[in-house]
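Student: Sending over my_file-v5.cif (mmCIF, C-alpha atoms and all ligand atoms).
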data_final
loop_
_atom_site.label_atom_id
_atom_site.label_comp_id
_atom_site.auth_asym_id
_atom_site.auth_seq_id
_atom_site.Cartn_x
_atom_site.Cartn_y
_atom_site.Cartn_z
CA MET S 86 169.22 64.84 61.67
CA THR S 87 167.87 66.02 58.30
CA THR S 88 165.46 63.67 56.56
CA THR S 89 164.68 65.68 53.42
CA SER S 90 167.38 66.59 50.92
CA VAL S 91 168.09 70.30 50.47
CA ILE S 92 167.63 69.68 46.73
CA ALA S 93 163.86 69.22 47.18
CA ASP S 94 163.30 72.96 47.65
CA ALA S 95 166.05 74.21 45.32
CA LYS S 96 164.72 76.12 42.33
CA ARG S 97 168.03 76.75 40.55
CA LEU S 98 170.74 74.08 40.54
CA VAL S 99 174.27 73.70 39.28
CA VAL S 100 175.10 70.07 38.50
CA LYS S 101 178.78 69.19 38.07
CA VAL S 102 179.70 65.86 36.48
CA GLY S 103 183.33 64.94 36.94
CA SER S 104 185.86 63.45 34.52
CA SER S 105 185.49 60.16 36.37
CA LEU S 106 181.86 59.95 35.15
CA VAL S 107 181.82 61.40 31.64
CA THR S 108 184.82 59.60 30.23
CA ASP S 109 185.17 55.98 29.31
CA ASP S 110 188.01 55.17 31.74
CA GLY S 111 189.81 58.32 30.57
CA ARG S 112 189.57 57.36 26.85
CA GLY S 113 186.95 59.41 25.07
CA LEU S 114 183.43 60.17 26.19
CA ASP S 115 181.02 57.66 27.64
CA ARG S 116 178.06 58.67 25.43
CA THR S 117 175.63 56.37 27.23
CA ALA S 118 176.47 58.11 30.50
CA LEU S 119 176.06 61.55 28.88
CA ALA S 120 172.64 60.54 27.54
CA ARG S 121 171.64 59.45 31.06
CA TRP S 122 172.67 62.84 32.49
CA ALA S 123 170.63 64.59 29.82
CA GLY S 124 167.58 62.44 30.67
CA GLN S 125 167.93 63.12 34.38
CA ILE S 126 168.37 66.87 33.86
CA ALA S 127 165.32 66.91 31.56
CA ARG S 128 163.30 65.41 34.45
CA LEU S 129 164.54 68.15 36.80
CA ARG S 130 163.38 70.70 34.24
CA GLU S 131 159.94 69.05 34.19
CA LEU S 132 159.84 69.54 37.97
CA GLY S 133 160.25 73.29 37.34
CA LYS S 134 163.92 73.50 38.31
CA GLN S 135 166.47 75.54 36.36
CA VAL S 136 169.71 73.62 35.77
CA VAL S 137 173.20 74.68 34.74
CA LEU S 138 175.50 71.78 33.88
CA VAL S 139 179.26 71.96 34.47
CA SER S 140 180.85 69.10 32.56
CA SER S 141 184.41 67.87 32.13
CA GLY S 142 185.58 65.53 29.38
CA ALA S 143 187.12 67.70 26.66
CA ILE S 144 190.71 66.54 27.13
CA ALA S 145 189.78 62.84 27.30
CA GLU S 146 187.69 63.09 24.10
CA GLY S 147 190.40 65.11 22.33
CA MET S 148 193.01 62.49 23.18
CA LEU S 149 190.83 59.78 21.67
CA ARG S 150 190.17 61.78 18.49
CA LEU S 151 193.87 62.53 18.09
CA GLY S 152 194.81 58.89 18.70
CA TRP S 153 196.83 59.64 21.84
CA ASN S 154 196.92 56.85 24.45
CA LYS S 155 198.80 58.81 27.08
CA ARG S 156 197.70 62.15 28.55
CA PRO S 157 200.27 64.67 27.27
CA THR S 158 202.28 66.65 29.78
CA LEU S 159 202.99 69.66 27.53
CA ILE S 160 200.43 72.44 28.07
CA PRO S 161 199.96 73.30 24.34
CA GLU S 162 199.22 69.63 23.64
CA LEU S 163 196.69 69.47 26.48
CA GLN S 164 195.13 72.66 25.13
CA ALA S 165 194.99 71.23 21.60
CA ALA S 166 193.33 68.09 22.94
CA ALA S 167 190.79 70.21 24.85
CA ALA S 168 189.99 72.23 21.69
CA VAL S 169 189.41 69.09 19.63
CA GLY S 170 187.51 67.28 22.38
CA GLN S 171 185.23 70.17 23.33
CA MET S 172 183.61 69.80 19.88
CA GLY S 173 182.72 66.20 20.70
CA LEU S 174 181.51 67.07 24.20
CA ALA S 175 179.20 69.81 22.90
CA GLN S 176 177.94 67.58 20.06
CA ALA S 177 177.22 64.66 22.39
CA TYR S 178 175.24 66.80 24.83
CA GLU S 179 173.34 68.61 22.06
CA THR S 180 172.31 65.23 20.56
CA SER S 181 171.23 63.82 23.94
CA PHE S 182 169.32 66.89 25.15
CA SER S 183 167.57 67.37 21.80
CA GLN S 184 165.93 63.96 22.35
CA HIS S 185 164.15 65.59 25.29
CA GLY S 186 163.23 68.69 23.30
CA LEU S 187 165.85 70.82 25.06
CA HIS S 188 168.38 73.23 23.57
CA THR S 189 171.88 73.46 25.00
CA ALA S 190 174.38 76.32 25.03
CA GLN S 191 178.14 76.01 25.24
CA VAL S 192 179.75 78.40 27.74
CA LEU S 193 183.53 78.28 28.18
CA LEU S 194 184.91 80.36 31.04
CA THR S 195 188.30 81.37 32.38
CA HIS S 196 189.32 82.98 35.65
CA ASP S 197 189.91 86.26 33.81
CA ASP S 198 186.31 86.26 32.53
CA LEU S 199 185.06 86.22 36.09
CA SER S 200 187.60 88.51 37.75
CA ASP S 201 186.77 91.39 35.41
CA ARG S 202 183.59 92.87 36.93
CA ARG S 203 182.12 93.88 33.54
CA ARG S 204 182.73 90.49 31.92
CA TYR S 205 181.44 88.79 35.07
CA LEU S 206 178.18 90.74 34.85
CA ASN S 207 177.93 89.95 31.11
CA ALA S 208 178.40 86.22 31.72
CA ARG S 209 175.78 86.42 34.46
CA SER S 210 173.15 88.11 32.33
CA THR S 211 173.80 85.72 29.43
CA LEU S 212 173.31 82.73 31.74
CA PHE S 213 170.14 84.23 33.24
CA THR S 214 168.80 84.83 29.73
CA LEU S 215 169.57 81.24 28.68
CA LEU S 216 167.80 79.90 31.76
CA ARG S 217 164.80 82.14 31.13
CA LEU S 218 164.67 80.77 27.55
CA GLY S 219 164.61 77.21 28.87
CA VAL S 220 168.06 76.38 27.48
CA VAL S 221 170.50 74.17 29.43
CA PRO S 222 173.88 75.97 29.67
CA ILE S 223 176.80 73.52 29.56
CA ILE S 224 179.92 75.00 31.08
CA ASN S 225 183.55 73.95 30.96
CA GLU S 226 186.82 75.74 31.50
CA ASN S 227 188.16 77.42 28.37
CA ASP S 228 191.23 75.17 28.51
CA THR S 229 192.71 76.41 25.23
CA VAL S 230 193.51 79.89 26.50
CA VAL S 231 194.39 79.40 30.16
CA THR S 232 197.85 79.41 31.64
CA ASP S 233 198.89 77.78 34.90
CA GLU S 234 198.44 80.92 36.98
CA ILE S 235 194.85 81.53 35.93
CA LYS S 236 193.70 77.91 35.63
CA PHE S 237 190.78 76.61 37.72
CA GLY S 238 192.20 73.19 36.80
CA ASP S 239 189.48 71.14 38.39
CA ASN S 240 185.84 71.69 37.52
CA ASP S 241 184.74 71.60 41.20
CA THR S 242 186.10 75.13 41.66
CA LEU S 243 184.44 76.21 38.42
CA GLY S 244 181.15 74.64 39.64
CA ALA S 245 181.28 76.68 42.87
CA LEU S 246 182.05 79.92 41.06
CA VAL S 247 179.19 79.29 38.61
CA THR S 248 176.90 78.56 41.59
CA ASN S 249 177.74 81.99 42.98
CA LEU S 250 177.53 83.58 39.54
CA VAL S 251 173.95 82.43 38.87
CA GLU S 252 172.93 82.60 42.56
CA ALA S 253 171.92 78.94 42.53
CA ASP S 254 170.25 77.43 45.59
CA ALA S 255 172.41 74.33 45.44
CA LEU S 256 175.44 72.72 43.84
CA ILE S 257 175.32 68.97 43.14
CA ILE S 258 178.78 67.46 42.59
CA LEU S 259 178.52 64.00 41.04
CA THR S 260 181.59 61.79 41.23
CA ASP S 261 182.80 58.17 41.40
CA GLN S 262 182.41 57.81 45.20
CA ALA S 263 179.21 57.76 47.28
CA GLY S 264 180.28 61.07 48.84
CA LEU S 265 182.79 62.28 51.41
CA TYR S 266 184.42 59.78 53.77
CA SER S 267 186.59 60.47 56.83
CA ALA S 268 189.55 59.48 54.58
CA ASP S 269 190.06 58.43 50.94
CA PRO S 270 188.14 55.11 50.73
CA ARG S 271 190.54 53.86 48.02
CA LYS S 272 193.34 53.87 50.60
CA HIS S 273 191.28 53.42 53.79
CA PRO S 274 188.47 50.89 53.18
CA ASP S 275 187.30 51.33 56.80
CA ALA S 276 186.77 55.11 56.38
CA ARG S 277 183.52 56.47 57.85
CA PHE S 278 180.87 57.95 55.53
CA ILE S 279 179.89 61.57 56.25
CA ALA S 280 176.19 62.03 55.47
CA HIS S 281 175.73 65.59 56.77
CA ALA S 282 178.06 68.42 57.75
CA ALA S 283 178.25 72.18 57.68
CA ALA S 284 179.86 73.53 54.51
CA GLY S 285 183.04 75.35 55.52
CA ASP S 286 183.71 73.18 58.60
CA PRO S 287 187.56 73.13 58.66
CA ALA S 288 187.51 69.48 59.84
CA LEU S 289 186.24 68.43 56.38
CA GLU S 290 189.34 69.77 54.63
CA ALA S 291 191.50 67.55 56.84
CA MET S 292 189.51 64.44 55.78
CA ALA S 293 189.50 65.07 52.06
CA GLY S 294 192.37 63.96 49.84
CA GLY S 295 193.40 64.40 46.21
CA ALA S 296 192.21 62.54 43.12
CA GLY S 297 192.45 58.78 43.41
CA SER S 298 191.91 57.59 39.85
CA GLY S 299 194.36 59.40 37.55
CA ILE S 300 191.35 60.52 35.48
CA GLY S 301 189.86 63.17 37.73
CA THR S 302 191.60 66.37 38.79
CA GLY S 303 191.34 67.74 42.29
CA GLY S 304 189.86 64.84 44.25
CA MET S 305 187.66 65.40 47.31
CA ILE S 306 189.59 68.38 48.68
CA THR S 307 188.48 70.61 45.79
CA LYS S 308 184.86 69.45 46.33
CA VAL S 309 184.93 70.36 50.03
CA ILE S 310 186.47 73.77 49.24
CA ALA S 311 183.88 74.24 46.47
CA ALA S 312 181.12 73.65 49.06
CA ARG S 313 182.66 76.32 51.30
CA ARG S 314 182.74 78.80 48.41
CA ALA S 315 179.18 78.00 47.32
CA ALA S 316 178.02 78.50 50.92
CA GLY S 317 179.30 82.09 50.70
CA SER S 318 176.34 82.89 48.46
CA GLY S 319 174.00 80.72 50.55
CA ALA S 320 174.06 77.61 48.33
CA HIS S 321 174.04 74.10 49.81
CA THR S 322 176.22 71.37 48.27
CA VAL S 323 175.53 67.68 47.79
CA ILE S 324 178.40 65.35 46.82
CA ALA S 325 176.99 62.08 45.51
CA SER S 326 177.74 59.14 43.28
CA GLY S 327 176.85 59.67 39.65
CA ARG S 328 176.42 55.92 39.37
CA GLU S 329 173.46 55.90 41.79
CA PRO S 330 170.39 55.21 39.62
CA GLU S 331 168.22 58.31 39.01
CA VAL S 332 170.29 60.23 41.54
CA LEU S 333 169.11 63.70 40.44
CA ALA S 334 165.40 62.92 40.40
CA ARG S 335 165.64 61.14 43.75
CA LEU S 336 167.46 64.09 45.33
CA ALA S 337 164.81 66.40 43.90
CA GLY S 338 162.18 64.13 45.44
CA GLY S 339 163.77 64.79 48.83
CA GLU S 340 165.74 61.56 49.25
CA CYS S 341 169.03 62.08 51.12
CA ILE S 342 171.77 60.59 48.94
CA GLY S 343 175.50 61.25 49.34
CA THR S 344 177.04 63.92 51.55
CA GLU S 345 175.00 67.02 52.23
CA LEU S 346 177.04 70.10 53.13
CA ARG S 347 174.64 72.77 54.29
CA ALA S 348 175.40 76.46 53.86
CA ALA S 349 176.18 77.67 57.36
CA LEU S 350 178.23 80.77 56.66
CA PRO S 351 176.69 84.23 56.74
CA LEU S 352 175.37 85.35 53.37
CA LEU S 353 177.40 87.78 51.31
CA SER S 354 175.81 90.11 48.78
CA ALA S 355 176.41 89.08 45.15
CA ARG S 356 178.92 91.91 44.77
CA LYS S 357 180.82 90.99 47.94
CA GLN S 358 180.81 87.34 46.90
CA TRP S 359 182.40 88.32 43.61
CA MET S 360 185.09 90.28 45.47
CA ALA S 361 185.82 87.32 47.73
CA ASP S 362 185.93 84.84 44.83
CA HIS S 363 187.77 86.65 42.10
CA LEU S 364 189.89 89.62 42.96
CA GLN S 365 193.65 89.35 43.30
CA LEU S 366 195.23 90.97 46.36
CA ARG S 367 197.47 93.93 45.61
CA GLY S 368 198.69 94.78 49.13
CA ARG S 369 198.10 94.71 52.89
CA VAL S 370 197.38 97.27 55.59
CA THR S 371 197.99 96.54 59.29
CA LEU S 372 195.23 97.61 61.68
CA ASP S 373 195.50 98.60 65.34
CA ALA S 374 193.24 96.84 67.86
CA GLY S 375 190.54 99.55 67.71
CA ALA S 376 190.22 99.39 63.91
CA ALA S 377 190.26 95.56 63.98
CA LYS S 378 187.30 95.57 66.38
CA ALA S 379 185.47 98.30 64.42
CA LEU S 380 185.64 96.15 61.25
CA THR S 381 185.09 92.65 62.55
CA GLN S 382 182.66 93.26 65.44
CA ASP S 383 180.94 96.59 64.85
CA GLY S 384 180.48 96.42 61.04
CA LYS S 385 182.21 99.80 60.57
CA SER S 386 184.32 101.15 57.70
CA LEU S 387 188.12 101.39 57.90
CA LEU S 388 189.43 104.88 58.65
CA PRO S 389 193.05 105.93 58.05
CA ILE S 390 193.59 106.57 61.76
CA GLY S 391 193.40 102.82 62.50
CA VAL S 392 196.18 101.83 60.05
CA THR S 393 199.72 101.37 61.37
CA ALA S 394 201.58 99.96 58.32
CA VAL S 395 201.18 99.58 54.54
CA GLU S 396 202.68 96.89 52.27
CA GLY S 397 202.51 96.66 48.49
CA ASP S 398 202.12 99.03 45.60
CA PHE S 399 198.39 99.34 45.03
CA GLU S 400 196.20 101.91 43.32
CA ARG S 401 192.84 103.38 44.34
CA GLY S 402 190.19 100.70 43.63
CA ASP S 403 192.53 97.71 44.14
CA VAL S 404 191.81 94.91 46.60
CA VAL S 405 193.88 95.10 49.77
CA ALA S 406 193.91 92.79 52.80
CA CYS S 407 193.47 94.13 56.34
CA ILE S 408 195.68 92.24 58.77
CA ASP S 409 196.11 92.42 62.54
CA ALA S 410 199.42 92.96 64.36
CA GLU S 411 200.07 89.17 64.18
CA GLY S 412 199.63 89.12 60.37
CA ARG S 413 196.22 87.36 60.41
CA GLU S 414 193.91 88.45 57.61
CA LEU S 415 190.74 89.98 59.08
CA ALA S 416 189.12 91.36 55.95
CA ARG S 417 189.76 92.38 52.39
CA GLY S 418 188.22 95.11 50.35
CA LEU S 419 188.50 97.86 47.76
CA ILE S 420 190.76 100.68 48.96
CA ASN S 421 190.00 104.34 48.26
CA TYR S 422 193.61 105.58 48.25
CA SER S 423 196.85 104.46 46.54
CA ALA S 424 199.63 102.87 48.61
CA GLY S 425 201.63 106.12 48.60
CA ASP S 426 198.66 108.22 49.76
CA THR S 427 197.70 105.60 52.37
CA ARG S 428 201.21 105.80 53.84
CA ARG S 429 200.82 109.58 54.13
CA ILE S 430 197.40 109.55 55.81
CA MET S 431 197.75 106.46 58.05
CA ARG S 432 197.44 107.12 61.81
CA GLN S 433 195.69 110.43 60.95
CA PRO S 434 192.06 111.48 61.50
CA SER S 435 189.99 111.77 58.29
CA SER S 436 189.64 115.53 58.93
CA ARG S 437 193.37 115.84 58.07
CA ILE S 438 193.22 114.04 54.68
CA GLU S 439 192.61 117.16 52.64
CA ALA S 440 195.42 119.10 54.34
CA ILE S 441 197.89 116.22 53.80
CA LEU S 442 196.97 115.19 50.23
CA GLY S 443 195.58 118.46 48.88
CA SER S 444 192.15 116.85 48.25
CA MET S 445 189.92 114.21 49.80
CA GLU S 446 188.35 111.33 47.80
CA GLU S 447 186.46 109.78 50.73
CA PRO S 448 186.76 110.04 54.53
CA GLU S 449 187.05 106.21 54.72
CA LEU S 450 190.07 104.23 53.57
CA MET S 451 187.71 101.31 52.83
CA HIS S 452 183.96 101.63 52.97
CA ARG S 453 182.16 98.81 54.80
CA ASP S 454 180.05 98.15 51.65
CA ASN S 455 183.30 97.28 49.88
CA LEU S 456 184.70 95.04 52.65
CA VAL S 457 184.45 91.29 53.12
CA ILE S 458 185.24 89.97 56.60
CA ARG S 459 187.27 86.71 56.39
N1 LIG B 501 187.82 61.71 52.03
C1 LIG B 501 187.52 61.25 50.81
N2 LIG B 501 186.28 60.74 50.55
C2 LIG B 501 185.95 60.29 49.29
N3 LIG B 501 186.80 60.32 48.24
C3 LIG B 501 188.04 60.83 48.43
C4 LIG B 501 188.45 61.31 49.72
N4 LIG B 501 189.71 61.78 49.61
C5 LIG B 501 190.10 61.60 48.34
N5 LIG B 501 189.11 61.01 47.62
C6 LIG B 501 189.24 60.66 46.19
O1 LIG B 501 188.57 61.62 45.38
C7 LIG B 501 188.19 60.96 44.17
C8 LIG B 501 187.14 61.78 43.43
O2 LIG B 501 187.73 62.94 42.86
P1 LIG B 501 188.18 63.05 41.34
O3 LIG B 501 189.00 61.84 40.99
O4 LIG B 501 188.80 64.38 41.14
O5 LIG B 501 186.80 62.89 40.57
P2 LIG B 501 185.94 63.85 39.63
O6 LIG B 501 186.47 63.64 38.26
O7 LIG B 501 184.55 63.30 39.80
O8 LIG B 501 186.09 65.26 40.10
C9 LIG B 501 187.70 59.62 44.66
O9 LIG B 501 187.75 58.64 43.66
C10 LIG B 501 188.62 59.31 45.84
O10 LIG B 501 189.67 58.41 45.52
N1 LIG B 502 188.33 71.05 31.67
C1 LIG B 502 188.84 69.67 31.69
C2 LIG B 502 188.40 68.93 32.92
C3 LIG B 502 188.96 69.35 34.26
C4 LIG B 502 188.76 68.19 35.25
O1 LIG B 502 189.25 67.06 34.99
O2 LIG B 502 188.00 68.41 36.32
P1 LIG B 502 187.29 67.29 37.30
O3 LIG B 502 186.08 66.79 36.62
O4 LIG B 502 186.92 68.13 38.51
O5 LIG B 502 188.24 66.20 37.67
C5 LIG B 502 188.27 68.88 30.49
O6 LIG B 502 187.17 69.16 30.01
O7 LIG B 502 188.94 67.93 30.09
#
Please express the file's structure as C-alpha cells.
Ligand SMILES: Nc1ncnc2c1ncn2[C@@H]1O[C@H](COP(=O)(O)OP(=O)(O)O)[C@@H](O)[C@H]1O
Ligand SMILES: N[C@@H](CCC(=O)OP(=O)(O)O)C(=O)O

Tutor:
Amino acid sequence: MTTTSVIADAKRLVVKVGSSLVTDDGRGLDRTALARWAGQIARLRELGKQVVLVSSGAIAEGMLRLGWNKRPTLIPELQAAAAVGQMGLAQAYETSFSQHGLHTAQVLLTHDDLSDRRRYLNARSTLFTLLRLGVVPIINENDTVVTDEIKFGDNDTLGALVTNLVEADALIILTDQAGLYSADPRKHPDARFIAHAAAGDPALEAMAGGAGSGIGTGGMITKVIAARRAAGSGAHTVIASGREPEVLARLAGGECIGTELRAALPLLSARKQWMADHLQLRGRVTLDAGAAKALTQDGKSLLPIGVTAVEGDFERGDVVACIDAEGRELARGLINYSAGDTRRIMRQPSSRIEAILGSMEEPELMHRDNLVIR
C-alpha cells in the first residue's frame, strides 16, 4: 500500500477544477472558491512546481450575466453564454492570482487545435514558454466555436489531453466527491471508497457513473477515462475533493487524499501519444496471424504481405486501424499507401511493390515508429 502521494515528487502538474466547484450552485462563479484555488496554486509554485489550471465555469457565469435562470438547450445560446462568461472567469482568476504576484494566461482549446499536428506543437511550445516565464496558464474549452462532433464537452477529457500535451507528471482532478467509489455515492450511500488503483484498470470504468448534480458534465466516468489517457504519457491521476482544506498543498506534502490512479500502462512517445489521442480513423486493414504477431509481440512494422483486406477510402499519411480476423483492433498508425494502392499490394512481398505500382514509397505499409499498439 502506498503511503506517500504521487504528487509529492511531481514537478509539473495539471489541476482541473470542475463546474461543481467553481460555480455557485450553477449560478455564476463562486469567487471565494476561485481565490482559494489561486492561493493553493501559488503555494505549489513556491514549492517549485509548475502548474497548469484547467477550469470550467464560463457557461454558468455567462448565464448569470445574461440573467438566464435556466441552462439553455440551444447550442448558439450556450456558446453565447460561454463567450460572455469566459470574460468573468478570466477576470476573476487574474484578480485572485495577482494578489500572489502571479500572472495568468487564458488558453482556449478545441479538438481541432490538438488534432492538427502543427497547431498541437504550437500550443505546446506556447504553454512551455508560459511555464518557463512563471505564468499560470488557465485553460478551458473554446466553447464558442465547437460543434457537437468536435466537442470535448467535459473538462476531464481536456485535462487529460493537456496533461499529455505538456508532459505533466500528474493530473489532479478536483470535484465534489472525496474521490472514486465502487458506485455513485449519491445513489448508493454504502458504496466503497477506492483509495488506490491502476489507471486504465477496466474494472474502474464499470464502477464510475455519469454526473450526479446537474451542474457538472461527464461525472466520474470521464475522470476514470481521463486517468487512463493521462497514463499513456506516464502521468498519474489523483481524483479528490476540492472542498478538502488545503488539498493541493497537502497532496504536495505527500499526504494521500482522494483516489490515486497510478500510471501502469507502457509509456508512449509524445508523438505516439498525440496519434493515439487526436487522430481520426480513416480506414481499417485486416491482418493475418503472422502480421498480427509481428506487430503486437515482436515490435515489427506492418508489411503489405500480411494484409488480407482493406476498408475505407484513405490517403497516404492517414490514420488506419489494424484489425485481426475477428475485427478486434490491434493497433493504429499512419499508413504509407492510399487505400487503392494498399488493395493492389496487399498479400504481396515488398519486393513486388515497384512492379505493381510503378514506384515504391516505402517497403513498409506502416512503419513501427508510426504505430500505436492498442
Ligand atoms: N463511482 C462514483 N464515485 C464517485 N462519484 C460518482 C461515481 N459515479 C458517478 N459519480 C458522480 O460524479 C459526480 C462528479 O462529476 P461531475 O458532476 O461531472 O463534477 P465536476 O464538475 O467536478 O466534473 C459526483 O457528484 C457523483 O454524483
Ligand atoms: N467549458 C464549460 C465547462 C465544461 C464542464 O462543465 O466540464 P466539467 O467541469 O468536467 O463538468 C464551461 O466553462 O462552462

Student: Please indicate the distance in Å from CA of Leu256 in chain S to CA of Arg314 in chain S, rounded to one decimal place.

Tutor: 10.5 Å

Student: With all atoms listed in the file counted, which protein, DNA or RNA residues have an atom no more than 9 Å from (196.6, 73.4, 25.3) in the file frame? Please answer as a list of chain:residue names.

Tutor: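 Output: S:Leu159, S:Ile160, S:Pro161, S:Glu162, S:Leu163, S:Gln164, S:Ala165, S:Ala166, S:Ala167, S:Ala168, S:Asp228, S:Thr229, S:Val230, S:Val231, S:Thr232.
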
Student: Report, in Å to a single decimal, how far apart CA of Ala440 in chain S and CA of Val392 in chain S are.

Tutor: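 Interatomic distance here is 18.2 Å.
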
Student: Please identify every polymer residue within 8 Å of ligand LIG 501 (chain B), using all atoms listed in the file, and present the set as a PyMOL selection string.

Tutor: chain S and resi 102-106+141+239-241+258-272+276+278+292-308

Student: So, counting only C-alpha atoms and all ligand atoms, which residue among S:Lys96, S:His188, S:Lys236, S:Arg217 is closest to ligand LIG 502 (chain B)?

Tutor: S:Lys236

Student: When distances are computed from all atoms listed in the file, which of S:Ile224, S:Arg150, S:Ala123, S:Val99 shows the smallest separation from ligand LIG 502 (chain B)?

Tutor: S:Ile224

Student: I need the residue nearest Ala127 in chain S from this list: S:Asp275, S:Asp426, S:Asp115, S:Glu331. Use all atoms listed in the file for the distance.

Tutor: S:Glu331

Student: Using all atoms listed in the file - which residues lie no farther than 9 Å from the point (195.1, 100.4, 51.6) in the file's frame? Write them as a ChimeraX atom specification.

Tutor: /S:368-370,389,392,395-397,399-401,403-407,418-424,426-428,450-451
